[in-house]
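To start, the structure under review is shown below, and the notes come after it.
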Amino acid sequence: MDPEAGSVTRESRLKFYKATLCLAYQSFGVVYGDLSSSPLYVYKSTFSGSLRLHEEDDEILGVLSLVFWTLTLIPLCKYIIFVLGADDNGEGGTFALYSLLCRRAKLGLLSASDASDDDISAYNSGLPRKETVASSILKEFFDKYHSSRIVLLLLVLLGTSMVIGDGILTPSMSVLSAVNGIRIKAPSLHENYTVFIAGVILVGLFALQHFGTRSVGFLFAPILLAWLFCISVIGVYNTIYWNPHVVSALSPYYVYNFFKKAGKDGWSSLGGIVLCITGAEAMFADLGHFSQLSIRIAFTVIVYPCLVLAYMGEAAYLSKHKEDLQKSFYKAIPEVVFWPVFIIATLATMVGSQAIISGTFSVISQCRALKCFPRVKVVHTSNHIHGQIYIPEVNWILMVLCLAVLVGYRDTDTIGNAYGLAVITVMLVTTCLMFLVIVMVWKRNILGALAFVIVFGSVELFYFSACLAKVHKGGWFPLVLSLILLSTMCIWHYGTLKKQAYELNNRVCLDMLLSMGTNLGINRVPGIGLIYSNVATGVPPMFAHFVTNFPAFHRILVFVTVQSLTVPKVPANQRFVISRIGPTEFHLFQCVVRYGYKDQRNDTHDFENHLIETVAEFLRNGNNDGEAFRWETTNQQQSSPSDDVTASSFENVVSSESSKKTVRFRGVGCSKELEDLREARESGLAYMMGSTCVLACDTSSYLKKFAINIVYGFLRQNCRHPAIALGVPHTSLIEVGMVYRV
C-alpha cells in the first residue's frame, strides 16, 4: 500500500470526524433546546389532573417508566434510527418528506410539482429501485383517486400548521415554566408578576430576532451543554441521595403496573407525559443545517442519557416528597445551586424558544416557495448559513399570539394541554408520511412499513387520544389555530391554482400575436423587456391585452416564468432554461427560472446580469431551432485553431446604471444577435407584470365566491406585491391591469 495514500486517507478521515463533532456541538444550540427543557414541566403537568389522587410510589415510578420508554421509542428509535434516513438531499421536515413523494413517487398536487425537475442532476444520482407489488398498488390507487392526493396535501399542511402552533406555544410554555421558579423562593409573589416577567422576556426575545441567530449563536451550545450537565448531575445526586431503587422503574413492568393501579386517570395523564418528547421533531426539521451522523451522536451520547438521569433524579426526590408534586423540578434542586440553575434554566428556555421560532420561519418560507402561503418578506440574516432567516410580519404576529397565550392561560398546565396536542399531531403526520416513503420511495417490503406504523403509530395514537380528551381544558387552541392556518393556506393555494389555470387556458398563440402585429402596426422600441407570467410556453394573456391597447414593445422580449420546484435547492448552473419563440428576426425568448423551496432568490441586479448572460450564451451556442438550452457555468465555447486565425473575437462590457456589476459578452465572430443584445442592454431594461384582479364567475357557488372574492382577495391585497417579492425596481416596472374570471 502506498504510504502517501494511507496518509491522505487518515487526514481526510480526521477532517471528517472533526467536522462531524463540530456539527454535533453546534446542534446543541439549535436542535435540542426544546427537548432539553422539558424536565421543567413534565412531572408538574402529569400530576396536575386526576392523577393527584394517585400520589403513591407505584404511580411515580410508573410515570418515570413511561417517560423513559417514550424517550426511547419516539426520539431514539423512530427519529434517530429511521426518520433521519428519509432526508431530501440533506433537508428534513414535513415538506422534505412530501417533496420526496412528489418527485420520486409522483404524488404531488402542488402546481410547483408539475414543473420539470427531472434534469436536475443533484436529485437523480441514485439508482432507481425495482417497483414492488405494494408500491405499484399504492401508486395505482393515487392515480385512480385524485381526492387521495388532496388528502395527502391536507395532511402535510395540517402538520405544517401544527409546527407553526408549536412556534407560539413553546416560548410561552418554556419561559413561564422557568420563571415560575421564582415563586419557590418567594411563595407570596402573585402570579401576575411571574406572567409579567415572562412577557418581558418574550418581547425581548422576539425583538432580537432581526439580528439573526448567527449574532448570538456562539452562546447557544454552551448554554445548552451547561443546562444538560446541571440536570444530569442533580439527577444522579437525587437518585443516590433519596432513592436509588428508582433505577428499577426502567423495566416496562412498571408501565403495566401504572395503568393497572391508575386506570382511566393514568390514561388521562398521558397528555402530560407526552411533553417529554416536545422538540423531537426538530431533530428532523433542522437536518439541513447539520448531518445525520452529527445529530445522532449528539442525541445518543449526550442528550438522551442526560434527560434520563434528570427524570430519574426527579422521580427519586418525589418518592420521598410527594407534597412537592406541583413544583417538583425546582424543589428537587439542592439549595446551594438553586439560583445558578434557575438562571441557566431561564437561558436554556430562551435558546429552546429561539430554535422553534427559527424553525417556524423556515417552515413558512418553504410554504411560501411552494405557493401555499401568502407572500411575505424573507430576510437572510447570515451570508454563510442559508437556513438562518427572519420574517418580520410573522415574527410580530407570533409575539402577539405568544403574549395572548401567556396572558390568557396564565398557567403551564392548560398551556401544556394545548402544547401536547400540537406536538403529537406533527409526529402522527410524520409517521403517516414515513409509511408512504418506505413503500413508494425506498421500495421496501410493506410488512416493514406496517411494523413501523403499528409500533410507533399505536404509541402516538395512544397519546393523541389522551390529548384530544383535554380539548376543553386548553387543547382547543392548536385545533382552532391550525384550522385557521390550514384554511388560509388552502384558499391561497386554490386561488393561485385558479389564477394560473386561467392564464394557461387563455394564453395567446404566437401566430395570432404576429397577425395582430401586422394589423395594429406594432412598433419595436429600443431596450429589453422582461415579461413576467406563470405561462411557461406561449404568450400570456396579459401581454396580448397590453399590445392590443398599446401597440409597441421592446426590441428584445424575454418571457420570464419563475417556478418553485419540490426540491430543496436547484444548482446555480441549472437554474435558467432558455428557448426561442418564433423566427429569429423577432428576438423573442422564453426563460424559465427554477428555484428550490430552500433557495435564496438573487437580488435584482444579479438576476438581470445572469439572465442576460444566459441569453448571450444561448445565442453563442447557436440554439436557433427553438430547442431549450440549460445554462452551464462551466460551459466554454470551443474553437478550432483555424477559428483563432480567421475569426475576430470581441468582448463587450455592459454596466448597469444602478450597479457596478457587469455582464461580459464573449464570443467567436461578430454575431448580429449578440450585437443587438448588447445595444438593447445599453438602451435599458424594463419589467412588465400583470396587476390582476381575480374574481369568481357569476355562476360559481357562494362558497367559491367567498373563498376567491373575499378571502383570497383580502390576502392578495395585504400580502407583499409580486414585484417587491421578486425584487423588481419600481421605476422600471410596467403593470398591466386585467380581470380574471375564474
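By convention in this document, the chains of the C-alpha cells carry letters A, B, ... by their order, each chain's residues are numbered from 1, and ligands are numbered from 1 in the order they are shown.
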Residues flagged strand (DSSP E) by DSSP in range 259-472 of chain A, as a count of residues only = 4
Counting only C-alpha atoms, what is within 12 Å of range 187-191 of chain A, bar same-chain residues fewer than 4 positions away, as an MDAnalysis selection string?
-> chainID A and resid 176:177 179:183 195:198 327 406:407 409:412
Can you list every residue of range 124-177 of chain A that has an atom at most 7 Å from range 427-439 of chain A, with its nearest atom pair and the distance in Å to one decimal, using only C-alpha atoms, ordered by chain then number, as a Markdown table?
```
| residue | atom | partner | partner_atom | distance |
| --- | --- | --- | --- | --- |
| A:Ala134 | CA | A:Val439 | CA | 6.8 |
| A:Ser135 | CA | A:Val439 | CA | 5.6 |
| A:Leu155 | CA | A:Val429 | CA | 6.6 |
| A:Gly159 | CA | A:Val429 | CA | 5.9 |
```
Which residues come within 7 Å of Asn417 in chain A, counting only C-alpha atoms, excluding same-chain residues fewer than 5 positions away, as a ChimeraX atom specification?
-> /A:271,467,470,473-475
Separation of CA of Asn505 in chain A and CA of Gly538 in chain A, in Å?
->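 Computed distance, CA of Asn505 in chain A to CA of Gly538 in chain A, equals 10.8 Å.
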Find the residues near Ser251 in chain A: any atom within 12 Å, counting only C-alpha atoms, skip ones fewer than 5 places away on the same chain, and give them as a VMD selection string.
-> chain A and resid 61 to 69 245 to 246 256 to 258
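Omitting range 588-601 of chain A and its sequence neighbours fewer than 5 positions away, and counting only C-alpha atoms, the residues within 7 Å are A:Gln366, A:Ala369, A:Leu370, A:Ala536, A:Ile556, A:Leu557, A:Val558, A:Phe559, A:Val560, A:Thr561, A:Val562, A:Gln563, A:Ser564, A:Leu565, A:Thr566, A:Val567, A:Pro568, A:Lys569, A:Val570, A:Arg575, A:Phe576, A:Val577, A:Ile578, A:Ser579, A:Arg580, A:Ile581, A:Gly582.
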Shell of 10 Å around Asp676 in chain A, only C-alpha atoms, local chain residues under 5 positions omitted, as a ChimeraX atom specification | /A:526-527,555-556,587,671,681-682
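A straight line drawn from CA of Val539 in chain A to CA of Leu107 in chain A is 29.3 Å long.
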Give the helix (DSSP H, G or I) residues of range 25-177 of chain A, as assigned by DSSP on the backbone, as a ChimeraX atom specification.
-> /A:25-30,33-36,38-40,42-46,50-54,57-86,94-104,111-114,121-123,133-144,146-177
Spatial neighbours of Ile80 in chain A, 10 Å, only C-alpha atoms, chain gap at least 3 places, as JSON, numbers by chain = {"A": [73, 74, 75, 76, 77, 83, 84, 85, 280, 283, 284, 292, 293, 295, 296, 297, 299, 300]}
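One finds CA of Ile81 in chain A at 27.7 Å from CA of Trp267 in chain A.
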